[in-house]
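Read the structure below first, then the notes.
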Amino acid sequence: MVYLLHHSPTIQSRTLVHYCLSVTWMLLLCSVQLVAQDRPTSLPSTTPRDTNAAQLSTADQESSTMRAIPTPYIRYGVYAQASYNQHQPTFKDLISTPFGIPFSPVNSITGVDGLLGSAGGMFEFPLFSSFGVAIRAGYSSFGATFRSRETVPASIDNQPFELPIGYVAAAQLGTLDAQVLLWLRPLRYLSIYAGGTAGYTLQRRVRQYEESLDPNYVFVLPNGSQSSIRAEVYDNIPTFRSVPLWLTGGISYEIPLNAEGTMLLAPEVFYQFQLPTVSLFSLLQDPERAWRVNALRAGISLRFSPNPTNIAFPAETPRQKASSESVFVQNTTPASTQPPTAKILSVAGVSTDGRELSNPVLRIEEVTATKSRYILNAIFFDANSATIPTRYHTIAASERSRFKPDNLASLSDIDTYYHVLNIVGQRMSTRTKAKLTLVGMADASVEHNDKSLAIARAEAVKQYLVTVWGITASRISVLSRTTFQSDENDTQEMEEQRRVEMTSDVPEIFDELRFDYRGKVITPPTLRVRFDINAPAGVQSWKFEALQDDIPLKIVRGGSVYPQAFEWNLASAPLDSLPQGTQEIGLRLEVTDRNSRTVRSPYMYLPIELVSASTGRSGTRTDIYHVYSAMQGVSAYSNADASVQRQLVAIMRKGIRPGAKVAITGYVDSRTAGNNPRALTEQQAQNLAAQINFPDMIVAGGGIASFYTNTLPEGRLYNRFIQVEVKLPQR
């Protein structure tokens, strides 16, 4: 027997709800406006690609002083909150009378009994310097007990009296929640949040009963027993949504728990307003389910930052020994009322040998060129795996007729290399007498020179060439080779040992590819810009920009950490980020301090000299060759280095003629760099220059190359090379 209650709750919070809604939408609008103001009208890519002829000049890769600055705003952790729940229930069809006869609405309803709570995990990441996204997931409890009181006529021994009766509905509600919030940091440790929450209801039970409020009167139940409670029923709440949605806003303030600020404790307060049942949401929710719960939550979160948030760096802290000797600075001076200042102190050119050139004029020369694409004859595998990694491009047998190496011209060296199985397969299919030898290897430390694994890797390569490219199996031999024992901590050596080497009795199978280009050569290849930032209140963010005719060519942004010198590597920049005319380039620095005051430096202008066919001057043809060595150290690229000799013959035959100008630049990867990478690469370049023995040569050491990632074995191998640049005047 259940009772029907028809009433509206007295827990009204419309003023608070309207206030929270207003604040939430204002925060969202402000966030959108902040994004719009912070985003540049054009932000060209700065990713090095060798498909454009901007790389036709040798570049000093090590001289770049600008690196990604670790953001102090990444957070992950856990939270726990106590919750005061504001229910707006509907009792229609929830409780009915024992005899099916509804009684008149009661005058009051109360709840909530006690505080409930929520807990879960969180992750925050920035989109811009002090603006980002927070994601939370957890469990929330929304239980409440609703009571109503009424008097009904009763009698004892035929003596009538008024009996006080209580009607009780104890709801047990629980949801799994997912929150997506935008956050804004107006102060260093203060965060403001606005966004939404979606729940999935796991529990929506209700216990309903009628109780006697007169201690001298009890009910006689149908089984003859006596109790102060009757008509007790447990049931589901049909009017609480399966997937409730809330608008959510909040605020938190972080307290560092250690000196670096990597562990933080944050008191926080949030308010959740459940979306009403209106037509706007009718597609998402059943409009008949109208039980709503708003919640005011207060609690703490324990947060971890992978990067320090509270380190005071000295005024000058060397990042590393480099040609530019640039340093990074973090301004953590206490708040001040003095405005910030920003200046560009100087702009210098940097030649390929690292020399600074004062008062540079940027010379842009249009050229035609050819460039080699070396084909590395090895496939690298993951640890304890004989499956060809997915970064290597594979095709179906039906697609092989459409594969043409000439279509790879728009790719970089390493992206071309990832087609090596198809390049070898296509060449083997056209040279029907050629034979191929595959030598599989396993590393000595982790895989313990597992011969069966080494053979399986070679068989995987063979299987692809046979099934996709139709190469006769008898033309492919499979062998294995033992690798040497390396330092167990030398993970990069292990990665390079997990490979299959490919050789052929027809050398043309692994010949380099060559492609023609039209592009530009930049002199000097690098610009070094020195800054001076003074922000007594501390730096919140900074921006360096280079514009030509109000068109952005380069935009670099950062937070509280900034470089004292920034290097713009023009030799490896995309063509669309290079100057397009003879108008001067304007360089400007913008700084915002922690009081949100922004200043901009005066423009410093850089003159441009453009050399093209329209000027009437002779053009230049540039041929670029990359020479790779199987040896390492100072003896690499010497007369004893047999792997280099065949590459040199091709260069001497095709490229070097009287009147040519030759520039030779050595590069090395991060693993084999040694203590003085520039000296090492210069010695290697000298070894190669001695064999070419041509007048009017420029020899330089490029140091550590970062054309490709040094975290992959093939990336490191493609960063170990000597570039031979041959310029021939075109009359």
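If you're wondering about the labels, chains in the structure tokens are A, B, ... by order shown, residues count from 1 in each chain, ligands from 1 in order shown.
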Legend entry - Contact residues around Tyr200 (chain A) with only C-alpha atoms at 12 Å, ignoring same-chain residues under 2 positions, as a PyMOL selection string: chain A and resi 137-141+173-179+197-198+202-204+240-246
Legend entry - Non-local contacts of Phe531 (chain A) (6 Å; only C-alpha atoms; under 6 positions in same chain excluded) as a ChimeraX atom specification: /A:343-345,564-565
Inset, instruction - Kindly give the distance, in Å, that separates CA of Pro563 (chain A) and CA of Glu260 (chain A), rounded to a single decimal. - result: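 Answer for the CA of Pro563 (chain A) to CA of Glu260 (chain A) separation: 20.7 Å.
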Inset, instruction - Tell me, as a ChimeraX atom specification, which residues lie within 10 Å of Pro306 (chain A), counting only C-alpha atoms; anything in the same chain fewer than 5 positions away does not count. - result: /A:70-76,261-263
Go ahead and save the residues from that selection, with C-alpha atoms, as a PDB file, in the first residue's frame.
ATOM      1  CA  PRO A  70      57.171  22.888 -20.816  1.00  0.00           C
ATOM      2  CA  THR A  71      53.788  24.206 -19.805  1.00  0.00           C
ATOM      3  CA  PRO A  72      53.181  24.620 -16.062  1.00  0.00           C
ATOM      4  CA  TYR A  73      49.423  24.175 -16.551  1.00  0.00           C
ATOM      5  CA  ILE A  74      49.101  20.420 -17.135  1.00  0.00           C
ATOM      6  CA  ARG A  75      47.372  18.692 -14.185  1.00  0.00           C
ATOM      7  CA  TYR A  76      46.207  15.215 -13.321  1.00  0.00           C
ATOM      8  CA  GLY A 261      55.090  23.052  -7.212  1.00  0.00           C
ATOM      9  CA  THR A 262      54.658  19.647  -8.873  1.00  0.00           C
ATOM     10  CA  MET A 263      52.263  18.488  -6.130  1.00  0.00           C
TER      11      MET A 263
END
Inset, instruction - Write out as a list of chain:residue names each polymer residue whose atoms come within 6 Å of region 505-517 of chain A, counting only C-alpha atoms; drop sequence neighbours fewer than 3 positions from it. - result: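 Those residues are A:Thr368, A:Ala369, A:Thr370, A:Lys371, A:Ser372, A:Arg373, A:Tyr374, A:Ile375, A:Arg427, A:Ala434, A:Lys435.
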Selected residues, C-alpha atoms, written as an mmCIF file, in the first residue's frame, please.
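Full text of result_29.cif as output:
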data_model
loop_
_atom_site.group_PDB
_atom_site.id
_atom_site.type_symbol
_atom_site.label_atom_id
_atom_site.label_comp_id
_atom_site.auth_asym_id
_atom_site.auth_seq_id
_atom_site.Cartn_x
_atom_site.Cartn_y
_atom_site.Cartn_z
ATOM 1 C CA THR A 368 66.503 25.258 -59.749
ATOM 2 C CA ALA A 369 67.856 22.148 -58.100
ATOM 3 C CA THR A 370 67.949 18.411 -57.817
ATOM 4 C CA LYS A 371 68.102 16.553 -54.537
ATOM 5 C CA SER A 372 68.973 12.969 -53.679
ATOM 6 C CA ARG A 373 66.837 10.636 -51.613
ATOM 7 C CA TYR A 374 68.979 7.949 -50.038
ATOM 8 C CA ILE A 375 67.246 4.566 -49.642
ATOM 9 C CA ARG A 427 62.665 -2.498 -58.730
ATOM 10 C CA ALA A 434 68.294 -9.514 -59.515
ATOM 11 C CA LYS A 435 68.508 -11.466 -56.271
#
Legend entry - Residue neighbourhood Leu648 (chain A), 9 Å, only C-alpha atoms, exclusion window fewer than 5 positions, as an NGL selection string: :A and (627 or 653 or 688 or 691-692)
Legend entry - region 179-264 of chain A: residues DSSP assigns to strand (DSSP E), reported as a PyMOL selection string: chain A and resi 179-184+190-212+219-220+226-227+229-236+245-253+255-256+263-264
Legend entry - Selection: 9 Å around Ile135 (chain A), only C-alpha atoms, excl. self and same-chain fewer than 6 positions, as a list in words: Gly121, Met122, Phe123, Glu124, Phe125, Ala178, Gln179, Val180, Leu181 and Leu182 of chain A
Legend entry - Residue nearest Ala386 (chain A) among A:Val500, A:Asn294, A:Arg402, A:Phe273 (counting only C-alpha atoms):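 Going through A:Val500, A:Asn294, A:Arg402, A:Phe273 one by one, the smallest distance to Ala386 (chain A) is for A:Val500.
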Inset, instruction - Select, from A:Met428, A:Val634, A:Ile414, A:Leu610, the residue with the minimum atom-to-atom distance to Asn719 (chain A), counting only C-alpha atoms. - result: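 The shortest atom-to-atom distance to Asn719 (chain A) comes from A:Ile414.
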Inset, instruction - Could you tell me how far CA of Ala409 (chain A) lies from CA of Lys462 (chain A), in Å and to one decimal? - result: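 The value is 26.5 Å.
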Legend entry - Top pick for closest residue to Ser596 (chain A), considering A:Tyr209, A:Trp469, A:Trp542, A:Tyr637 and counting only C-alpha atoms: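 Using only C-alpha atoms, the shortest distance to Ser596 (chain A) belongs to A:Trp542.
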Legend entry - Gap from CA of Leu257 (chain A) to CA of Asn534 (chain A) - Å, one decimal: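 These atoms are spaced 29.1 Å apart.
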